[in-house]
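Participant: Here you go, this is coords39.cif (mmCIF, C-alpha atoms and all ligand atoms).
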```cif
data_coords
loop_
_atom_site.group_PDB
_atom_site.id
_atom_site.type_symbol
_atom_site.label_atom_id
_atom_site.label_comp_id
_atom_site.auth_asym_id
_atom_site.auth_seq_id
_atom_site.Cartn_x
_atom_site.Cartn_y
_atom_site.Cartn_z
ATOM 1 C CA ALA A 1 0.000 0.000 0.000
ATOM 2 C CA LYS A 2 2.956 2.249 0.812
ATOM 3 C CA ASN A 3 4.345 1.683 -2.633
ATOM 4 C CA GLU A 4 1.034 2.440 -4.237
ATOM 5 C CA GLY A 5 0.927 5.739 -2.359
ATOM 6 C CA ARG A 6 4.344 6.628 -3.605
ATOM 7 C CA ASN A 7 3.451 5.812 -7.206
ATOM 8 C CA CYS A 8 0.376 7.868 -6.807
ATOM 9 C CA PHE A 9 2.436 10.819 -5.588
ATOM 10 C CA LYS A 10 4.942 10.413 -8.393
ATOM 11 C CA TYR A 11 2.131 10.382 -10.909
ATOM 12 C CA PHE A 12 0.557 13.429 -9.277
ATOM 13 C CA SER A 13 3.746 15.488 -9.316
ATOM 14 C CA GLU A 14 4.426 14.575 -12.929
ATOM 15 C CA GLU A 15 0.932 15.729 -13.744
ATOM 16 C CA LEU A 16 1.562 19.020 -11.942
ATOM 17 C CA THR A 17 4.790 19.603 -13.778
ATOM 18 C CA ARG A 18 3.141 18.825 -17.053
ATOM 19 C CA ALA A 19 0.291 21.246 -16.273
ATOM 20 C CA ALA A 20 2.700 23.970 -15.146
ATOM 21 C CA ARG A 21 4.800 23.536 -18.248
ATOM 22 C CA GLU A 22 1.728 23.714 -20.434
ATOM 23 C CA ARG A 23 0.645 26.947 -18.722
ATOM 24 C CA ILE A 24 3.966 28.648 -19.197
ATOM 25 C CA GLY A 25 3.997 27.490 -22.811
ATOM 26 C CA ILE A 26 0.554 28.908 -23.417
ATOM 27 C CA GLU A 27 1.406 32.236 -21.790
ATOM 28 C CA PHE A 28 4.453 32.586 -24.005
ATOM 29 C CA ARG A 29 2.525 31.658 -27.118
ATOM 30 C CA LEU A 30 -0.350 33.981 -26.205
ATOM 31 C CA ARG A 31 2.000 36.955 -26.291
ATOM 32 C CA GLN A 32 3.128 35.970 -29.768
ATOM 33 C CA ALA A 33 -0.404 35.212 -30.906
ATOM 34 C CA ILE A 34 -1.488 38.800 -30.301
ATOM 35 C CA GLU A 35 1.315 40.078 -32.530
ATOM 36 C CA ASN A 36 0.824 37.414 -35.181
ATOM 37 C CA ASN A 37 -2.938 37.889 -35.539
ATOM 38 C CA GLU A 38 -3.769 34.320 -34.629
ATOM 39 C CA PHE A 39 -7.153 35.174 -33.116
ATOM 40 C CA ARG A 40 -10.490 35.098 -34.880
ATOM 41 C CA VAL A 41 -14.018 35.834 -33.783
ATOM 42 C CA PHE A 42 -16.850 33.348 -34.300
ATOM 43 C CA TYR A 43 -20.522 34.285 -33.946
ATOM 44 C CA GLN A 44 -23.283 32.217 -32.389
ATOM 45 C CA PRO A 45 -26.874 33.260 -33.130
ATOM 46 C CA GLN A 46 -29.367 34.182 -30.414
ATOM 47 C CA LEU A 47 -33.000 33.614 -31.377
ATOM 48 C CA ALA A 48 -36.411 34.657 -30.111
ATOM 49 C CA ILE A 49 -38.225 31.611 -28.703
ATOM 50 C CA GLY A 50 -41.639 32.731 -29.945
ATOM 51 C CA SER A 51 -40.878 33.800 -33.532
ATOM 52 C CA GLY A 52 -37.593 32.038 -34.262
ATOM 53 C CA GLU A 53 -36.192 35.379 -35.396
ATOM 54 C CA ILE A 54 -32.445 35.977 -35.004
ATOM 55 C CA ILE A 55 -32.103 38.830 -32.537
ATOM 56 C CA GLY A 56 -28.402 38.777 -31.866
ATOM 57 C CA ALA A 57 -25.061 36.999 -31.920
ATOM 58 C CA GLU A 58 -22.478 36.302 -29.261
ATOM 59 C CA ALA A 59 -18.903 37.002 -30.316
ATOM 60 C CA LEU A 60 -16.625 34.147 -29.200
ATOM 61 C CA ILE A 61 -12.867 34.123 -29.606
ATOM 62 C CA ARG A 62 -10.983 31.363 -31.404
ATOM 63 C CA TRP A 63 -7.237 30.830 -31.399
ATOM 64 C CA GLN A 64 -5.726 29.150 -34.393
ATOM 65 C CA THR A 65 -1.942 28.909 -34.043
ATOM 66 C CA ALA A 66 0.417 29.380 -36.975
ATOM 67 C CA GLY A 67 0.828 25.587 -36.899
ATOM 68 C CA GLY A 68 -2.903 25.184 -37.494
ATOM 69 C CA GLU A 69 -3.737 23.986 -33.989
ATOM 70 C CA LEU A 70 -7.108 25.194 -32.678
ATOM 71 C CA ILE A 71 -6.917 26.034 -28.960
ATOM 72 C CA PRO A 72 -10.296 26.290 -27.167
ATOM 73 C CA PRO A 73 -10.970 29.471 -25.123
ATOM 74 C CA LEU A 74 -11.254 27.577 -21.838
ATOM 75 C CA LYS A 75 -7.590 26.565 -22.254
ATOM 76 C CA PHE A 76 -6.258 30.102 -22.650
ATOM 77 C CA ILE A 77 -8.814 32.642 -21.355
ATOM 78 C CA PRO A 78 -8.125 31.781 -17.676
ATOM 79 C CA ILE A 79 -4.358 32.117 -18.259
ATOM 80 C CA ALA A 80 -4.892 35.376 -20.151
ATOM 81 C CA GLU A 81 -7.031 36.577 -17.258
ATOM 82 C CA GLU A 82 -4.369 35.817 -14.629
ATOM 83 C CA THR A 83 -1.561 37.446 -16.570
ATOM 84 C CA GLY A 84 -3.588 40.527 -17.534
ATOM 85 C CA LEU A 85 -3.136 39.690 -21.232
ATOM 86 C CA ILE A 86 -6.925 39.419 -21.349
ATOM 87 C CA SER A 87 -7.267 43.186 -21.664
ATOM 88 C CA ASN A 88 -5.341 43.271 -24.955
ATOM 89 C CA ILE A 89 -7.160 40.223 -26.239
ATOM 90 C CA GLY A 90 -10.588 41.349 -25.025
ATOM 91 C CA ASN A 91 -10.190 44.827 -26.473
ATOM 92 C CA TRP A 92 -9.239 43.267 -29.767
ATOM 93 C CA VAL A 93 -12.399 41.095 -29.724
ATOM 94 C CA LEU A 94 -14.527 44.160 -28.911
ATOM 95 C CA LYS A 95 -13.091 46.109 -31.810
ATOM 96 C CA GLU A 96 -13.302 43.235 -34.271
ATOM 97 C CA ALA A 97 -16.934 42.512 -33.320
ATOM 98 C CA CYS A 98 -17.897 46.189 -33.719
ATOM 99 C CA ARG A 99 -16.068 46.429 -37.045
ATOM 100 C CA GLN A 100 -17.835 43.301 -38.270
ATOM 101 C CA GLY A 101 -21.209 44.457 -36.957
ATOM 102 C CA LYS A 102 -20.871 47.761 -38.781
ATOM 103 C CA GLU A 103 -19.946 45.933 -41.992
ATOM 104 C CA TRP A 104 -23.079 43.770 -41.706
ATOM 105 C CA LEU A 105 -25.273 46.802 -41.051
ATOM 106 C CA ASP A 106 -23.807 48.583 -44.076
ATOM 107 C CA ALA A 107 -24.352 45.467 -46.212
ATOM 108 C CA GLY A 108 -28.058 45.634 -45.358
ATOM 109 C CA LEU A 109 -28.188 42.382 -43.374
ATOM 110 C CA PRO A 110 -30.985 41.994 -40.796
ATOM 111 C CA ARG A 111 -30.145 44.313 -37.913
ATOM 112 C CA ILE A 112 -29.022 42.335 -34.893
ATOM 113 C CA ARG A 113 -27.270 42.990 -31.620
ATOM 114 C CA ILE A 114 -23.751 41.705 -31.037
ATOM 115 C CA ALA A 115 -22.810 40.521 -27.553
ATOM 116 C CA VAL A 116 -19.180 40.728 -26.434
ATOM 117 C CA ASN A 117 -17.762 39.078 -23.298
ATOM 118 C CA LEU A 118 -15.965 41.388 -20.875
ATOM 119 C CA SER A 119 -13.621 39.697 -18.431
ATOM 120 C CA THR A 120 -13.357 40.772 -14.800
ATOM 121 C CA HIS A 121 -9.897 42.203 -15.421
ATOM 122 C CA GLN A 122 -11.091 44.257 -18.403
ATOM 123 C CA PHE A 123 -14.089 45.465 -16.451
ATOM 124 C CA LEU A 124 -12.261 46.546 -13.285
ATOM 125 C CA HIS A 125 -8.655 47.220 -14.241
ATOM 126 C CA SER A 126 -8.908 49.253 -17.398
ATOM 127 C CA ASP A 127 -10.864 52.318 -18.299
ATOM 128 C CA ILE A 128 -13.495 50.198 -19.956
ATOM 129 C CA CYS A 129 -15.942 53.072 -20.542
ATOM 130 C CA ALA A 130 -13.382 55.057 -22.536
ATOM 131 C CA ILE A 131 -12.353 51.933 -24.430
ATOM 132 C CA VAL A 132 -15.951 51.131 -25.391
ATOM 133 C CA ALA A 133 -16.682 54.753 -26.333
ATOM 134 C CA ASN A 134 -13.538 54.968 -28.496
ATOM 135 C CA THR A 135 -14.222 51.637 -30.157
ATOM 136 C CA LEU A 136 -17.771 52.677 -31.071
ATOM 137 C CA ALA A 137 -16.487 55.987 -32.449
ATOM 138 C CA GLU A 138 -13.666 54.372 -34.430
ATOM 139 C CA THR A 139 -15.798 51.649 -35.985
ATOM 140 C CA GLY A 140 -19.031 53.627 -36.398
ATOM 141 C CA PHE A 141 -21.008 50.758 -34.822
ATOM 142 C CA PRO A 142 -24.108 52.158 -33.047
ATOM 143 C CA ALA A 143 -24.046 51.647 -29.258
ATOM 144 C CA ASP A 144 -27.629 50.405 -29.347
ATOM 145 C CA TYR A 145 -26.454 47.266 -31.189
ATOM 146 C CA LEU A 146 -23.703 46.443 -28.714
ATOM 147 C CA GLU A 147 -24.345 44.208 -25.734
ATOM 148 C CA LEU A 148 -21.719 43.600 -23.068
ATOM 149 C CA GLU A 149 -21.707 40.321 -21.118
ATOM 150 C CA LEU A 150 -20.422 40.395 -17.559
ATOM 151 C CA THR A 151 -20.054 37.653 -14.997
ATOM 152 C CA GLU A 152 -21.233 37.663 -11.410
ATOM 153 C CA SER A 153 -17.652 37.655 -10.151
ATOM 154 C CA ALA A 154 -16.876 40.864 -12.062
ATOM 155 C CA LEU A 155 -19.875 42.573 -10.456
ATOM 156 C CA MET A 156 -19.307 41.245 -6.956
ATOM 157 C CA LYS A 157 -15.641 42.113 -6.560
ATOM 158 C CA ARG A 158 -16.169 45.839 -5.993
ATOM 159 C CA GLU A 159 -19.887 46.404 -5.905
ATOM 160 C CA LYS A 160 -20.106 50.221 -5.778
ATOM 161 C CA GLU A 161 -17.484 50.680 -8.448
ATOM 162 C CA ALA A 162 -19.174 48.058 -10.625
ATOM 163 C CA ILE A 163 -22.549 49.828 -10.435
ATOM 164 C CA ASP A 164 -20.880 53.090 -11.380
ATOM 165 C CA ILE A 165 -19.200 51.531 -14.425
ATOM 166 C CA LEU A 166 -22.458 49.857 -15.484
ATOM 167 C CA ASN A 167 -24.284 53.192 -15.282
ATOM 168 C CA ARG A 168 -21.673 54.837 -17.461
ATOM 169 C CA LEU A 169 -21.820 52.009 -20.018
ATOM 170 C CA HIS A 170 -25.597 52.485 -20.075
ATOM 171 C CA GLU A 171 -25.194 56.199 -20.691
ATOM 172 C CA LEU A 172 -23.159 55.316 -23.786
ATOM 173 C CA GLY A 173 -26.230 53.437 -25.029
ATOM 174 C CA THR A 174 -24.959 49.849 -24.767
ATOM 175 C CA HIS A 175 -27.019 46.956 -23.386
ATOM 176 C CA LEU A 176 -25.784 44.998 -20.390
ATOM 177 C CA ALA A 177 -26.131 41.277 -19.732
ATOM 178 C CA ILE A 178 -25.202 39.053 -16.826
ATOM 179 C CA ASP A 179 -23.571 35.857 -18.116
ATOM 180 C CA ASP A 180 -23.575 32.309 -16.668
ATOM 181 C CA PHE A 181 -26.271 33.301 -14.199
ATOM 182 C CA GLY A 182 -26.682 30.878 -11.318
ATOM 183 C CA THR A 183 -23.086 29.649 -11.204
ATOM 184 C CA GLY A 184 -21.812 32.362 -8.842
ATOM 185 C CA TYR A 185 -22.944 33.306 -5.405
ATOM 186 C CA SER A 186 -25.207 36.237 -6.111
ATOM 187 C CA SER A 187 -28.905 36.036 -5.419
ATOM 188 C CA LEU A 188 -31.595 37.609 -7.532
ATOM 189 C CA ALA A 189 -32.243 40.087 -4.725
ATOM 190 C CA TYR A 190 -28.630 41.164 -4.977
ATOM 191 C CA LEU A 191 -29.006 41.504 -8.742
ATOM 192 C CA LYS A 192 -31.679 44.122 -8.205
ATOM 193 C CA SER A 193 -29.113 46.784 -7.347
ATOM 194 C CA PHE A 194 -27.342 46.448 -10.722
ATOM 195 C CA PRO A 195 -28.633 48.187 -13.855
ATOM 196 C CA LEU A 196 -28.734 45.111 -16.114
ATOM 197 C CA ASP A 197 -30.974 44.495 -19.144
ATOM 198 C CA ILE A 198 -30.478 40.832 -19.914
ATOM 199 C CA LEU A 199 -29.923 37.667 -17.889
ATOM 200 C CA LYS A 200 -28.303 34.589 -19.413
ATOM 201 C CA ILE A 201 -29.244 31.358 -17.653
ATOM 202 C CA ASP A 202 -26.186 29.136 -17.446
ATOM 203 C CA LYS A 203 -26.073 26.040 -19.619
ATOM 204 C CA SER A 204 -25.655 23.780 -16.580
ATOM 205 C CA PHE A 205 -29.322 24.385 -15.648
ATOM 206 C CA ILE A 206 -30.501 23.673 -19.190
ATOM 207 C CA ASP A 207 -28.453 20.493 -19.801
ATOM 208 C CA ASP A 208 -30.659 18.037 -17.896
ATOM 209 C CA ILE A 209 -34.067 19.413 -18.859
ATOM 210 C CA PRO A 210 -36.465 17.604 -18.974
ATOM 211 C CA MET A 211 -34.893 14.796 -16.858
ATOM 212 C CA GLN A 212 -34.127 16.859 -13.760
ATOM 213 C CA ASN A 213 -37.092 18.375 -11.982
ATOM 214 C CA ASP A 214 -34.875 20.569 -9.813
ATOM 215 C CA ASP A 215 -33.247 22.160 -12.843
ATOM 216 C CA MET A 216 -36.656 22.832 -14.389
ATOM 217 C CA GLU A 217 -37.879 24.489 -11.216
ATOM 218 C CA ILE A 218 -34.732 26.593 -10.843
ATOM 219 C CA THR A 219 -34.926 27.653 -14.486
ATOM 220 C CA ALA A 220 -38.604 28.576 -14.205
ATOM 221 C CA THR A 221 -37.890 30.557 -11.029
ATOM 222 C CA ILE A 222 -34.983 32.444 -12.615
ATOM 223 C CA ILE A 223 -37.173 33.357 -15.610
ATOM 224 C CA ALA A 224 -40.057 34.537 -13.432
ATOM 225 C CA MET A 225 -37.837 36.586 -11.129
ATOM 226 C CA ALA A 226 -35.859 38.135 -14.001
ATOM 227 C CA LYS A 227 -39.185 39.279 -15.460
ATOM 228 C CA THR A 228 -40.112 40.836 -12.135
ATOM 229 C CA LEU A 229 -36.858 42.792 -12.375
ATOM 230 C CA ARG A 230 -37.828 43.704 -15.971
ATOM 231 C CA MET A 231 -34.885 41.880 -17.497
ATOM 232 C CA GLN A 232 -35.017 39.840 -20.692
ATOM 233 C CA VAL A 233 -33.891 36.223 -20.395
ATOM 234 C CA ILE A 234 -31.677 34.119 -22.656
ATOM 235 C CA ALA A 235 -31.222 30.384 -22.073
ATOM 236 C CA GLU A 236 -27.740 29.135 -22.984
ATOM 237 C CA GLY A 237 -26.705 25.759 -24.369
ATOM 238 C CA VAL A 238 -30.104 24.763 -25.752
ATOM 239 C CA GLU A 239 -29.703 21.575 -27.777
ATOM 240 C CA THR A 240 -33.022 19.693 -27.878
ATOM 241 C CA PRO A 241 -36.686 20.194 -28.842
ATOM 242 C CA ALA A 242 -37.710 19.180 -25.292
ATOM 243 C CA GLN A 243 -35.609 21.995 -23.814
ATOM 244 C CA MET A 244 -37.177 24.404 -26.311
ATOM 245 C CA ALA A 245 -40.679 23.278 -25.422
ATOM 246 C CA PHE A 246 -40.040 23.727 -21.726
ATOM 247 C CA LEU A 247 -38.480 27.203 -22.136
ATOM 248 C CA SER A 248 -41.344 28.251 -24.369
ATOM 249 C CA SER A 249 -43.902 27.066 -21.795
ATOM 250 C CA ARG A 250 -42.162 29.241 -19.169
ATOM 251 C CA ASN A 251 -42.024 32.301 -21.461
ATOM 252 C CA CYS A 252 -38.264 32.489 -21.747
ATOM 253 C CA ASP A 253 -37.548 35.254 -24.296
ATOM 254 C CA PHE A 254 -34.499 34.048 -26.212
ATOM 255 C CA TYR A 255 -32.204 31.094 -26.622
ATOM 256 C CA GLN A 256 -28.727 30.289 -27.835
ATOM 257 C CA GLY A 257 -27.370 26.816 -28.502
ATOM 258 C CA TYR A 258 -26.554 24.026 -30.913
ATOM 259 C CA PHE A 259 -30.298 23.525 -31.463
ATOM 260 C CA ALA A 260 -30.085 26.591 -33.733
ATOM 261 C CA SER A 261 -26.372 26.699 -34.531
ATOM 262 C CA LYS A 262 -22.838 26.337 -33.217
ATOM 263 C CA PRO A 263 -20.651 29.445 -33.232
ATOM 264 C CA LEU A 264 -19.778 30.165 -36.885
ATOM 265 C CA PRO A 265 -16.993 32.001 -38.721
ATOM 266 C CA ALA A 266 -18.142 35.504 -39.774
ATOM 267 C CA ASP A 267 -18.877 34.622 -43.417
ATOM 268 C CA GLU A 268 -20.895 31.534 -42.461
ATOM 269 C CA PHE A 269 -22.797 33.520 -39.865
ATOM 270 C CA ALA A 270 -23.660 36.183 -42.461
ATOM 271 C CA ALA A 271 -24.997 33.442 -44.766
ATOM 272 C CA PHE A 272 -27.037 32.007 -41.870
ATOM 273 C CA LEU A 273 -28.450 35.459 -41.163
ATOM 274 C CA ARG A 274 -29.383 36.015 -44.830
ATOM 275 C CA GLN A 275 -31.044 32.637 -45.252
ATOM 276 C CA HIS A 276 -32.783 32.356 -41.937
ATOM 277 C CA VAL A 277 -36.525 32.584 -42.282
ATOM 278 C CA PRO A 278 -38.384 32.670 -38.941
ATOM 279 C CA ASP A 279 -40.678 29.666 -38.377
HETATM 280 P P1 LIG B 1 -19.599 31.604 -22.475
HETATM 281 O O1 LIG B 1 -19.461 33.077 -22.497
HETATM 282 O O2 LIG B 1 -20.554 31.014 -21.506
HETATM 283 O O3 LIG B 1 -19.958 31.182 -23.981
HETATM 284 C C1 LIG B 1 -20.817 30.129 -24.320
HETATM 285 C C2 LIG B 1 -20.046 28.864 -24.600
HETATM 286 O O4 LIG B 1 -20.957 27.773 -24.713
HETATM 287 C C3 LIG B 1 -19.276 28.908 -25.920
HETATM 288 O O5 LIG B 1 -18.102 28.127 -25.736
HETATM 289 C C4 LIG B 1 -20.235 28.187 -26.869
HETATM 290 O O6 LIG B 1 -19.602 27.627 -27.990
HETATM 291 C C5 LIG B 1 -20.793 27.128 -25.958
HETATM 292 N N1 LIG B 1 -22.112 26.654 -26.387
HETATM 293 C C6 LIG B 1 -23.128 27.389 -26.892
HETATM 294 N N2 LIG B 1 -24.210 26.630 -27.143
HETATM 295 C C7 LIG B 1 -23.883 25.369 -26.796
HETATM 296 C C8 LIG B 1 -24.595 24.110 -26.827
HETATM 297 O O7 LIG B 1 -25.757 24.019 -27.240
HETATM 298 N N3 LIG B 1 -23.927 23.006 -26.370
HETATM 299 C C9 LIG B 1 -22.634 23.079 -25.921
HETATM 300 N N4 LIG B 1 -22.041 21.947 -25.485
HETATM 301 N N5 LIG B 1 -21.932 24.251 -25.876
HETATM 302 C C10 LIG B 1 -22.552 25.375 -26.308
HETATM 303 P P2 LIG B 1 -16.659 28.644 -26.211
HETATM 304 O O8 LIG B 1 -16.771 29.440 -27.471
HETATM 305 O O9 LIG B 1 -15.761 27.458 -26.172
HETATM 306 O O10 LIG B 1 -16.256 29.660 -25.075
HETATM 307 C C11 LIG B 1 -16.056 29.216 -23.757
HETATM 308 C C12 LIG B 1 -15.906 30.378 -22.811
HETATM 309 O O11 LIG B 1 -14.711 31.127 -23.076
HETATM 310 C C13 LIG B 1 -17.034 31.393 -22.886
HETATM 311 O O12 LIG B 1 -18.166 30.915 -22.195
HETATM 312 C C14 LIG B 1 -16.381 32.585 -22.235
HETATM 313 O O13 LIG B 1 -16.399 32.470 -20.832
HETATM 314 C C15 LIG B 1 -14.953 32.470 -22.716
HETATM 315 N N6 LIG B 1 -14.770 33.359 -23.884
HETATM 316 C C16 LIG B 1 -14.934 33.111 -25.202
HETATM 317 N N7 LIG B 1 -14.655 34.217 -25.950
HETATM 318 C C17 LIG B 1 -14.303 35.185 -25.059
HETATM 319 C C18 LIG B 1 -13.892 36.568 -25.189
HETATM 320 O O14 LIG B 1 -13.819 37.148 -26.295
HETATM 321 N N8 LIG B 1 -13.603 37.232 -24.036
HETATM 322 C C19 LIG B 1 -13.697 36.633 -22.790
HETATM 323 N N9 LIG B 1 -13.396 37.348 -21.719
HETATM 324 N N10 LIG B 1 -14.080 35.361 -22.650
HETATM 325 C C20 LIG B 1 -14.381 34.637 -23.755
HETATM 326 CA CA CA B 2 -20.781 34.777 -22.697
HETATM 327 CA CA CA B 3 -22.376 32.001 -20.693
HETATM 328 CA CA CA B 4 -20.142 29.299 -19.474
#
```
Rewrite the coordinates I just gave you, this time as structure tokens.

Facilitator:
Amino acid sequence: AKNEGRNCFKYFSEELTRAARERIGIEFRLRQAIENNEFRVFYQPQLAIGSGEIIGAEALIRWQTAGGELIPPLKFIPIAEETGLISNIGNWVLKEACRQGKEWLDAGLPRIRIAVNLSTHQFLHSDICAIVANTLAETGFPADYLELELTESALMKREKEAIDILNRLHELGTHLAIDDFGTGYSSLAYLKSFPLDILKIDKSFIDDIPMQNDDMEITATIIAMAKTLRMQVIAEGVETPAQMAFLSSRNCDFYQGYFASKPLPADEFAAFLRQHVPD
């Protein structure tokens, strides 16, 4: 048994070293990736549950290395966040999404909102209001079409400061969404003090509908309470007709998920937007 323990430890420390090495490698390559333009933005449609109309798109970053390797965001966003590199990367995504949105508006495509993720670091450690204002001015994208997605942790870190920033982003004319709702520690009562327009129900609550009664009850409660706070609700990670039927029965406003489409490269998303006829 002693030996087993030792093997276990050896295995564990090798794993740690491997993980640490991978991290350092990714941090190094991230710095190069910014300079070498290895990032792209994909767009995932958001649809109205009643009409099937496309009402928006979430901008999601993709990293394709020079060697052709595709690195998923969950592998590098946390590292970018810890090293502060996220501000450069996030500001680039914001600008690219606004540039693309303006191009689609000018091309006469159906007018939709584009949602951009703001990390905690971007939100609290940079002058995000000036950055957003400058980006809108530079790209000519109207503020009314820009939605900013924030997480509970970004809002909870420094509450007063967060509310102040949200108010200023509102004054610019942007829409504000809370992302991954239900995965943090904030209650809906707490949410009341923040000027937010849209609530995104985390995918983890949607996944096991209709098998899990608890998840259905939580989802229904979140929808009802968000409505009381006059927020619109988007369900994330919707994949099946049964999930759609349930969300529709509870008057959820919008959905996003593989049921409609995976995130798409810009040209494929534009084609989807052109072809999509509401049911
Ligand atoms: P998120 O903001 O919650 O984005 C939704 C994620 O769920 C996306 O993963 C999307 O592809 C995935 N998804 C959507 N519908 C479905 C579905 O029906 N089934 C399944 N299995 N997955 C679905 P993705 O693109 O891999 O992004 C992961 C996370 O990385 C994002 O989660 C977000 O936290 C972060 N991220 C991505 N782009 C950015 C960015 O530009 N800035 C920041 N700060 N974070 C980003
Ligand atoms: Ca998001
Ligand atoms: Ca989310
Ligand atoms: Ca998520």

Participant: Residues within 9 Å of ligand LIG 1 (chain B) should be enumerated using only C-alpha atoms and all ligand atoms and returned as a compact mmCIF listing (two decimals) with C-alpha atoms, keeping the file's coordinate frame.

Facilitator:
```txt
# COMPACT_ATOMS: atom_id res chain seq x y z
CA VAL A 41 -14.02 35.83 -33.78
CA PHE A 42 -16.85 33.35 -34.30
CA TYR A 43 -20.52 34.28 -33.95
CA GLN A 44 -23.28 32.22 -32.39
CA GLU A 58 -22.48 36.30 -29.26
CA ALA A 59 -18.90 37.00 -30.32
CA LEU A 60 -16.62 34.15 -29.20
CA ILE A 61 -12.87 34.12 -29.61
CA ARG A 62 -10.98 31.36 -31.40
CA PRO A 72 -10.30 26.29 -27.17
CA PRO A 73 -10.97 29.47 -25.12
CA LEU A 74 -11.25 27.58 -21.84
CA LYS A 75 -7.59 26.56 -22.25
CA PHE A 76 -6.26 30.10 -22.65
CA ILE A 77 -8.81 32.64 -21.36
CA PRO A 78 -8.12 31.78 -17.68
CA ALA A 80 -4.89 35.38 -20.15
CA GLU A 81 -7.03 36.58 -17.26
CA ILE A 86 -6.92 39.42 -21.35
CA SER A 87 -7.27 43.19 -21.66
CA ILE A 89 -7.16 40.22 -26.24
CA GLY A 90 -10.59 41.35 -25.02
CA ASN A 91 -10.19 44.83 -26.47
CA TRP A 92 -9.24 43.27 -29.77
CA VAL A 93 -12.40 41.10 -29.72
CA LEU A 94 -14.53 44.16 -28.91
CA VAL A 116 -19.18 40.73 -26.43
CA ASN A 117 -17.76 39.08 -23.30
CA LEU A 118 -15.96 41.39 -20.88
CA SER A 119 -13.62 39.70 -18.43
CA THR A 120 -13.36 40.77 -14.80
CA HIS A 121 -9.90 42.20 -15.42
CA GLN A 122 -11.09 44.26 -18.40
CA GLU A 149 -21.71 40.32 -21.12
CA LEU A 150 -20.42 40.40 -17.56
CA THR A 151 -20.05 37.65 -15.00
CA ASP A 179 -23.57 35.86 -18.12
CA ASP A 180 -23.58 32.31 -16.67
CA LYS A 200 -28.30 34.59 -19.41
CA ASP A 202 -26.19 29.14 -17.45
CA LYS A 203 -26.07 26.04 -19.62
CA ASP A 207 -28.45 20.49 -19.80
CA GLU A 236 -27.74 29.14 -22.98
CA GLY A 237 -26.70 25.76 -24.37
CA VAL A 238 -30.10 24.76 -25.75
CA GLU A 239 -29.70 21.58 -27.78
CA THR A 240 -33.02 19.69 -27.88
CA GLN A 256 -28.73 30.29 -27.84
CA GLY A 257 -27.37 26.82 -28.50
CA TYR A 258 -26.55 24.03 -30.91
CA PHE A 259 -30.30 23.52 -31.46
CA ALA A 260 -30.08 26.59 -33.73
CA SER A 261 -26.37 26.70 -34.53
CA LYS A 262 -22.84 26.34 -33.22
CA PRO A 263 -20.65 29.44 -33.23
```

Participant: Quick one: residues within 6 Å of Ile55 (chain A), all atoms listed in the file, excluding same-chain residues fewer than 5 positions away - as number ranges by chain?

Facilitator: A: 46-47, 112

Participant: Using the chain letters and numbers from this file, what does the PyMOL selection byres (((chain A and resi 208) around 12) and not hetatm) select? Give the answer as number ranges by chain.

Facilitator: A: 202-207, 209-219, 237-240, 242-243, 246

Participant: Smallest atom-to-atom distance to ligand CA 4 (chain B): which of A:Glu268, A:Glu171, A:Glu152, A:Asp253, using all atoms listed in the file?

Facilitator: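 Under the stated criterion, the closest residue is A:Glu152.
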
Participant: When distances are computed from all atoms listed in the file, which of A:Phe194, A:Thr183, A:Gly68, A:Arg113 shows the smallest separation from ligand CA 3 (chain B)?

Facilitator: A:Thr183

Participant: Can you measure CA of Asp267 (chain A) to CA of Ile114 (chain A) for me? One decimal in Å is fine.

Facilitator: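 If I compute the distance from CA of Asp267 (chain A) to CA of Ile114 (chain A), I get 15.1 Å.
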
Participant: Using Å and a single decimal, report how far CA of Arg40 (chain A) sits from CA of Gln100 (chain A).

Facilitator: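 If I compute the distance from CA of Gln100 (chain A) to CA of Arg40 (chain A), I get 11.5 Å.
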
Participant: Which residues are close to region 20-31 of chain A, i.e. within 8 Å by all atoms listed in the file, leaving aside same-chain residues fewer than 3 positions away? Reply as a VMD selection string.

Facilitator: chain A and resid 16 to 17 34 to 35 76 79 to 80 83 85

Participant: Which value, in Å to one decimal, gives the distance between CA of Ile234 (chain A) and CA of Gly56 (chain A)?

Facilitator: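 That distance, rounded to one decimal, is 10.8 Å.
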